[in-house]
Amino acid sequence: MRHPGSFALKSIGLIGLAVVIGAQSPPTPKQPAARQCNPLSDTDPNSPNKQDPILTLIDASTKTAILTSGMPCAEVQTDQGPAPTGVQNRQRGFDFYSWRSFIALNAPATNPKDIESGQPDTKTVWEDGNNFIPLLNVMLPGGAKPEWDPGKRAVPAACLSLHALHPERMVVKMIEESFNQPFRTGPLIDQRNNYAIFDILMNKTMFDYIADHKLYSQAGQSSPENASLRIDFPAADNVADKIGAVMLKVSWKILTPEDDMSKFHHVDALVAMPAAAEGQSDAPCLERTLGLVGIHIVHKTASRPQWIWTSFEHNDNVPEQQEVDASKADPPKKLNASYNFYDPSCSADKCPVNGTPPRPWDPEPADQLQFRRTADGKMLFNSQITRVVPLSEANKLMNGQFQALLDKTVWKNYMLIGTQWPSAFPCTADKAVKGTEPDPRTDFDKQPDMNCGPAPFFMANSTLETFSQGTIPQASSSCMACHGNATSYLRPKKPNDIYFSQSDFTFMLEKAR
């Protein structure tokens, strides 16, 4: 009899795809079966009822399969499984897929099949310029054509001399998107009085589509040659063994001597501060060590053209609001001694929860990435953030299982916040086709729900959607509902032509210059 947590001797086999050979004379030479791309699923393929969760049957071969399989091309999920409902079983499958994506992207860039070989400061797959490019290096001033070659990417003038000395360091330019939350809702200030820093990146699949269609400039997007274009980024395909378009958004905390660096994946960075006034060249370039505190992974797949939306955070970012409430009602239920963005010792009247800082919000060059202080040098504001929507018990269980698998790495200190996916399957089949004309069923003509029933509907990362957490329709954070409103500079051939969703769920195209 199997019991949760038992170590059954199981192995994961790759699923072959049969190739149908037509009856011809003479017979066509048999072609090799297409290799499915990482079809590791969340149920035990050797179980007669296929309902045993793999993570309760961990042995050496299963662990190896999970930690070394690389980026999954697409999700493998089913409504069958250990959960009481089909939606919950599918959610578990998508969460399993999210953890595998997290492992693949955060493995060492030089050894992507062995995440356990990395150290807290080891460059990851997604930090390697050969794999991902920051948005700022794509949407260039004047709408210039971007270069994929990492050696040709622009470095802010303020950081040129330091970059020459330390070419291996990550470079961050402090524009508004680097310090302000979505829709300009405010900056996030940690408990050391430092700004949290944000960055957006894309993989080469997404970059090539933007470059090929000249979507990197407003002029290119609105050109007559793009008047018939229906933006449709390439999707992942298991059968074709193909990774689709992937976009990332990450959040960083500036690490200080008071922080335990061994608990954070961290990088040495050069941060180009904004000038004190437009047109001035007095912006300093600061050398800082940044610790990863949040990451969105968004991947487009053939069966999920509305993308799969994954969100992770550092374990020590914030407490859940229900944990704060429980600690007040029952003092033995104590909170952690400290958090990155919450002070357990500060009362609600002195530190209002989930409030935005006082304006002005822009970082001042003289303050060097610290929020401004009072006239006598005291800290004026630290963000007091709690998680409004708690993690589900199923989510917490899976986090614990994967954190145990990653126990020898820094990644044990990170947790999956959730995975949002389009649950209306007939709707997800309505996607664009190649060519100049879209399929008549596509979301470009606005189906009743072009987002195809996001599940779960609300999802927020405490570091990336800090001030839009909650469950208020049209106000609280929902990845797909929000990104479904993204637009671009494309223009139809005729003024009365109607088409919407001309961005394929990304705000990146709005950043063209």
# chains A, B, ... in the order shown; residues from 1 in each chain; ligands from 1
call {"tool": "residues_around", "arguments": {"residues": "Arg359 in chain A", "least_positions_apart": "2", "cutoff": "10 Å", "atoms": "only C-alpha atoms", "output": "PyMOL selection string"}}
result
chain A and resi 186-187+356-357+361-362
call {"tool": "write_last_selection", "arguments": {"atoms": "all heavy atoms", "output": "PDB file, in the first residue's frame"}}
result
ATOM      1  N   GLY A 186       2.575  53.209  -7.280  1.00  0.00           N
ATOM      2  CA  GLY A 186       3.517  53.552  -6.233  1.00  0.00           C
ATOM      3  C   GLY A 186       4.698  52.609  -6.137  1.00  0.00           C
ATOM      4  O   GLY A 186       4.648  51.465  -6.613  1.00  0.00           O
ATOM      5  N   PRO A 187       5.790  53.037  -5.513  1.00  0.00           N
ATOM      6  CA  PRO A 187       6.963  52.185  -5.313  1.00  0.00           C
ATOM      7  C   PRO A 187       6.809  51.290  -4.081  1.00  0.00           C
ATOM      8  O   PRO A 187       6.006  51.569  -3.183  1.00  0.00           O
ATOM      9  CB  PRO A 187       8.097  53.193  -5.116  1.00  0.00           C
ATOM     10  CG  PRO A 187       7.428  54.368  -4.492  1.00  0.00           C
ATOM     11  CD  PRO A 187       6.034  54.412  -5.066  1.00  0.00           C
ATOM     12  N   THR A 356       0.413  53.115   0.223  1.00  0.00           N
ATOM     13  CA  THR A 356       1.439  53.616  -0.682  1.00  0.00           C
ATOM     14  C   THR A 356       2.261  54.696   0.008  1.00  0.00           C
ATOM     15  O   THR A 356       1.787  55.372   0.922  1.00  0.00           O
ATOM     16  CB  THR A 356       0.809  54.197  -1.958  1.00  0.00           C
ATOM     17  OG1 THR A 356      -0.142  55.197  -1.595  1.00  0.00           O
ATOM     18  CG2 THR A 356       0.120  53.106  -2.759  1.00  0.00           C
ATOM     19  N   PRO A 357       3.510  54.884  -0.412  1.00  0.00           N
ATOM     20  CA  PRO A 357       4.360  55.912   0.209  1.00  0.00           C
ATOM     21  C   PRO A 357       3.836  57.312  -0.089  1.00  0.00           C
ATOM     22  O   PRO A 357       3.104  57.526  -1.054  1.00  0.00           O
ATOM     23  CB  PRO A 357       5.721  55.689  -0.459  1.00  0.00           C
ATOM     24  CG  PRO A 357       5.652  54.334  -1.078  1.00  0.00           C
ATOM     25  CD  PRO A 357       4.222  54.114  -1.436  1.00  0.00           C
ATOM     26  N   TRP A 361       7.357  60.156  -5.536  1.00  0.00           N
ATOM     27  CA  TRP A 361       7.787  58.762  -5.524  1.00  0.00           C
ATOM     28  C   TRP A 361       9.123  58.529  -6.227  1.00  0.00           C
ATOM     29  O   TRP A 361       9.782  57.518  -5.977  1.00  0.00           O
ATOM     30  CB  TRP A 361       6.725  57.896  -6.210  1.00  0.00           C
ATOM     31  CG  TRP A 361       5.466  57.749  -5.405  1.00  0.00           C
ATOM     32  CD1 TRP A 361       5.314  57.957  -4.074  1.00  0.00           C
ATOM     33  CD2 TRP A 361       4.182  57.340  -5.887  1.00  0.00           C
ATOM     34  NE1 TRP A 361       4.029  57.700  -3.680  1.00  0.00           N
ATOM     35  CE2 TRP A 361       3.297  57.319  -4.780  1.00  0.00           C
ATOM     36  CE3 TRP A 361       3.673  56.982  -7.133  1.00  0.00           C
ATOM     37  CZ2 TRP A 361       1.959  56.953  -4.897  1.00  0.00           C
ATOM     38  CZ3 TRP A 361       2.342  56.623  -7.251  1.00  0.00           C
ATOM     39  CH2 TRP A 361       1.495  56.611  -6.148  1.00  0.00           C
ATOM     40  N   ASP A 362       9.519  59.413  -7.109  1.00  0.00           N
ATOM     41  CA  ASP A 362      10.727  59.174  -7.895  1.00  0.00           C
ATOM     42  C   ASP A 362      11.968  59.135  -6.991  1.00  0.00           C
ATOM     43  O   ASP A 362      12.116  59.973  -6.092  1.00  0.00           O
ATOM     44  CB  ASP A 362      10.918  60.278  -8.928  1.00  0.00           C
ATOM     45  CG  ASP A 362       9.879  60.213 -10.026  1.00  0.00           C
ATOM     46  OD1 ASP A 362       8.836  59.551  -9.821  1.00  0.00           O
ATOM     47  OD2 ASP A 362      10.098  60.818 -11.090  1.00  0.00           O
TER      48      ASP A 362
END
call {"tool": "select_by_dssp", "arguments": {"residues": "range 279-405 of chain A", "states": "strand (DSSP E or B)", "output": "PyMOL selection string"}}
result
chain A and resi 285-301+304-314+320+370+373+379+387
call {"tool": "atom_distance", "arguments": {"atom1": "CA of Val293 in chain A", "atom2": "CA of Gln403 in chain A"}}
result
15.8 Å
call {"tool": "residues_around", "arguments": {"residues": "range 242-253 of chain A", "least_positions_apart": "2", "cutoff": "8 Å", "atoms": "only C-alpha atoms", "output": "PyMOL selection string"}}
result
chain A and resi 37+71-74+190+194-206+233-240+255+290-301+463-464
call {"tool": "closest_residue", "arguments": {"among": "A:Tyr97, A:Val87, A:Ala144, A:Ala283", "to": "Gly453 in chain A", "atoms": "only C-alpha atoms"}}
result
A:Val87
call {"tool": "select_by_dssp", "arguments": {"residues": "range 82-132 of chain A", "states": "helix (DSSP H, G or I)", "output": "VMD selection string"}}
result
chain A and resid 86 to 106 115 to 117
call {"tool": "write_last_selection", "arguments": {"atoms": "C-alpha atoms", "output": "short mmCIF file (atom, residue, chain, number, x, y, z; two decimals), in the first residue's frame"}}
result
data_model
loop_
_atom_site.label_atom_id
_atom_site.label_comp_id
_atom_site.auth_asym_id
_atom_site.auth_seq_id
_atom_site.Cartn_x
_atom_site.Cartn_y
_atom_site.Cartn_z
CA GLY A 86 -11.54 18.26 -12.23
CA VAL A 87 -10.62 21.94 -11.97
CA GLN A 88 -8.53 21.28 -8.86
CA ASN A 89 -6.75 18.42 -10.61
CA ARG A 90 -6.01 20.62 -13.60
CA GLN A 91 -4.81 23.39 -11.28
CA ARG A 92 -2.41 20.94 -9.67
CA GLY A 93 -1.12 20.02 -13.13
CA PHE A 94 -0.54 23.67 -14.04
CA ASP A 95 1.17 24.34 -10.69
CA PHE A 96 3.41 21.33 -11.29
CA TYR A 97 4.25 22.78 -14.71
CA SER A 98 5.04 26.15 -13.06
CA TRP A 99 7.50 24.59 -10.63
CA ARG A 100 9.24 22.75 -13.47
CA SER A 101 9.50 26.01 -15.43
CA PHE A 102 10.93 27.73 -12.35
CA ILE A 103 13.53 25.00 -11.91
CA ALA A 104 14.54 25.03 -15.58
CA LEU A 105 14.92 28.81 -15.77
CA ASN A 106 16.82 29.12 -12.50
CA ILE A 115 20.11 23.13 -10.59
CA GLU A 116 21.78 21.57 -7.52
CA SER A 117 25.21 22.56 -8.85
#
call {"tool": "residues_around", "arguments": {"residues": "Ile54 in chain A", "least_positions_apart": "2", "cutoff": "7 Å", "atoms": "only C-alpha atoms", "output": "list in words"}}
result
Asp42, Thr43, Asp44, Asp52, Thr56, Leu57 and Ile58 of chain A
call {"tool": "write_last_selection", "arguments": {"atoms": "all heavy atoms", "output": "PDB file, in the first residue's frame"}}
result
ATOM      1  N   ASP A  42       1.892  15.371 -13.628  1.00  0.00           N
ATOM      2  CA  ASP A  42       1.725  15.406 -12.176  1.00  0.00           C
ATOM      3  C   ASP A  42       1.103  14.130 -11.629  1.00  0.00           C
ATOM      4  O   ASP A  42       0.820  14.043 -10.446  1.00  0.00           O
ATOM      5  CB  ASP A  42       0.863  16.607 -11.785  1.00  0.00           C
ATOM      6  CG  ASP A  42       0.762  16.774 -10.281  1.00  0.00           C
ATOM      7  OD1 ASP A  42       1.797  16.617  -9.608  1.00  0.00           O
ATOM      8  OD2 ASP A  42      -0.335  17.034  -9.789  1.00  0.00           O
ATOM      9  N   THR A  43       0.835  13.161 -12.463  1.00  0.00           N
ATOM     10  CA  THR A  43       0.314  11.882 -11.997  1.00  0.00           C
ATOM     11  C   THR A  43       1.279  10.787 -12.387  1.00  0.00           C
ATOM     12  O   THR A  43       2.038  10.903 -13.344  1.00  0.00           O
ATOM     13  CB  THR A  43      -1.073  11.592 -12.583  1.00  0.00           C
ATOM     14  OG1 THR A  43      -1.013  11.700 -14.004  1.00  0.00           O
ATOM     15  CG2 THR A  43      -2.097  12.581 -12.050  1.00  0.00           C
ATOM     16  N   ASP A  44       1.260   9.733 -11.648  1.00  0.00           N
ATOM     17  CA  ASP A  44       2.183   8.625 -11.846  1.00  0.00           C
ATOM     18  C   ASP A  44       1.770   7.820 -13.083  1.00  0.00           C
ATOM     19  O   ASP A  44       0.711   7.195 -13.095  1.00  0.00           O
ATOM     20  CB  ASP A  44       2.173   7.729 -10.598  1.00  0.00           C
ATOM     21  CG  ASP A  44       3.061   6.503 -10.761  1.00  0.00           C
ATOM     22  OD1 ASP A  44       3.838   6.462 -11.737  1.00  0.00           O
ATOM     23  OD2 ASP A  44       2.971   5.600  -9.917  1.00  0.00           O
ATOM     24  N   ASP A  52      -2.119   8.755  -8.844  1.00  0.00           N
ATOM     25  CA  ASP A  52      -1.150   8.908  -7.762  1.00  0.00           C
ATOM     26  C   ASP A  52      -0.241  10.095  -8.051  1.00  0.00           C
ATOM     27  O   ASP A  52       0.466  10.107  -9.048  1.00  0.00           O
ATOM     28  CB  ASP A  52      -0.289   7.640  -7.618  1.00  0.00           C
ATOM     29  CG  ASP A  52      -1.075   6.482  -7.076  1.00  0.00           C
ATOM     30  OD1 ASP A  52      -1.929   6.713  -6.203  1.00  0.00           O
ATOM     31  OD2 ASP A  52      -0.861   5.348  -7.524  1.00  0.00           O
ATOM     32  N   THR A  56       4.272  12.360  -4.206  1.00  0.00           N
ATOM     33  CA  THR A  56       4.172  11.512  -3.025  1.00  0.00           C
ATOM     34  C   THR A  56       4.937  10.212  -3.235  1.00  0.00           C
ATOM     35  O   THR A  56       4.948   9.353  -2.356  1.00  0.00           O
ATOM     36  CB  THR A  56       2.699  11.185  -2.695  1.00  0.00           C
ATOM     37  OG1 THR A  56       2.149  10.408  -3.760  1.00  0.00           O
ATOM     38  CG2 THR A  56       1.899  12.449  -2.513  1.00  0.00           C
ATOM     39  N   LEU A  57       5.560  10.060  -4.405  1.00  0.00           N
ATOM     40  CA  LEU A  57       6.255   8.818  -4.747  1.00  0.00           C
ATOM     41  C   LEU A  57       7.707   9.098  -5.130  1.00  0.00           C
ATOM     42  O   LEU A  57       8.270   8.441  -5.982  1.00  0.00           O
ATOM     43  CB  LEU A  57       5.543   8.128  -5.923  1.00  0.00           C
ATOM     44  CG  LEU A  57       4.047   7.870  -5.735  1.00  0.00           C
ATOM     45  CD1 LEU A  57       3.420   7.454  -7.055  1.00  0.00           C
ATOM     46  CD2 LEU A  57       3.827   6.794  -4.689  1.00  0.00           C
ATOM     47  N   ILE A  58       8.287  10.083  -4.476  1.00  0.00           N
ATOM     48  CA  ILE A  58       9.613  10.532  -4.876  1.00  0.00           C
ATOM     49  C   ILE A  58      10.673   9.484  -4.567  1.00  0.00           C
ATOM     50  O   ILE A  58      10.802   8.995  -3.441  1.00  0.00           O
ATOM     51  CB  ILE A  58       9.982  11.837  -4.167  1.00  0.00           C
ATOM     52  CG1 ILE A  58       9.074  12.960  -4.662  1.00  0.00           C
ATOM     53  CG2 ILE A  58      11.436  12.206  -4.410  1.00  0.00           C
ATOM     54  CD1 ILE A  58       9.205  13.263  -6.121  1.00  0.00           C
TER      55      ILE A  58
END
call {"tool": "closest_residue", "arguments": {"among": "A:Gln191, A:Gln370, A:Asn485, A:Gln322", "to": "Asp343 in chain A", "atoms": "only C-alpha atoms"}}
result
A:Gln191
call {"tool": "residues_around", "arguments": {"residues": "Gln306 in chain A", "least_positions_apart": "3", "cutoff": "8 Å", "atoms": "only C-alpha atoms", "output": "JSON, numbers by chain"}}
result
{"A": [300, 421, 422, 428, 451, 452, 480, 504, 505]}
call {"tool": "residues_around", "arguments": {"residues": "Gln384 in chain A", "least_positions_apart": "6", "cutoff": "7 Å", "atoms": "only C-alpha atoms", "output": "list in words"}}
result
Phe341, Tyr342, Asp343, Cys351, Pro352, Val353 and Asn354 of chain A
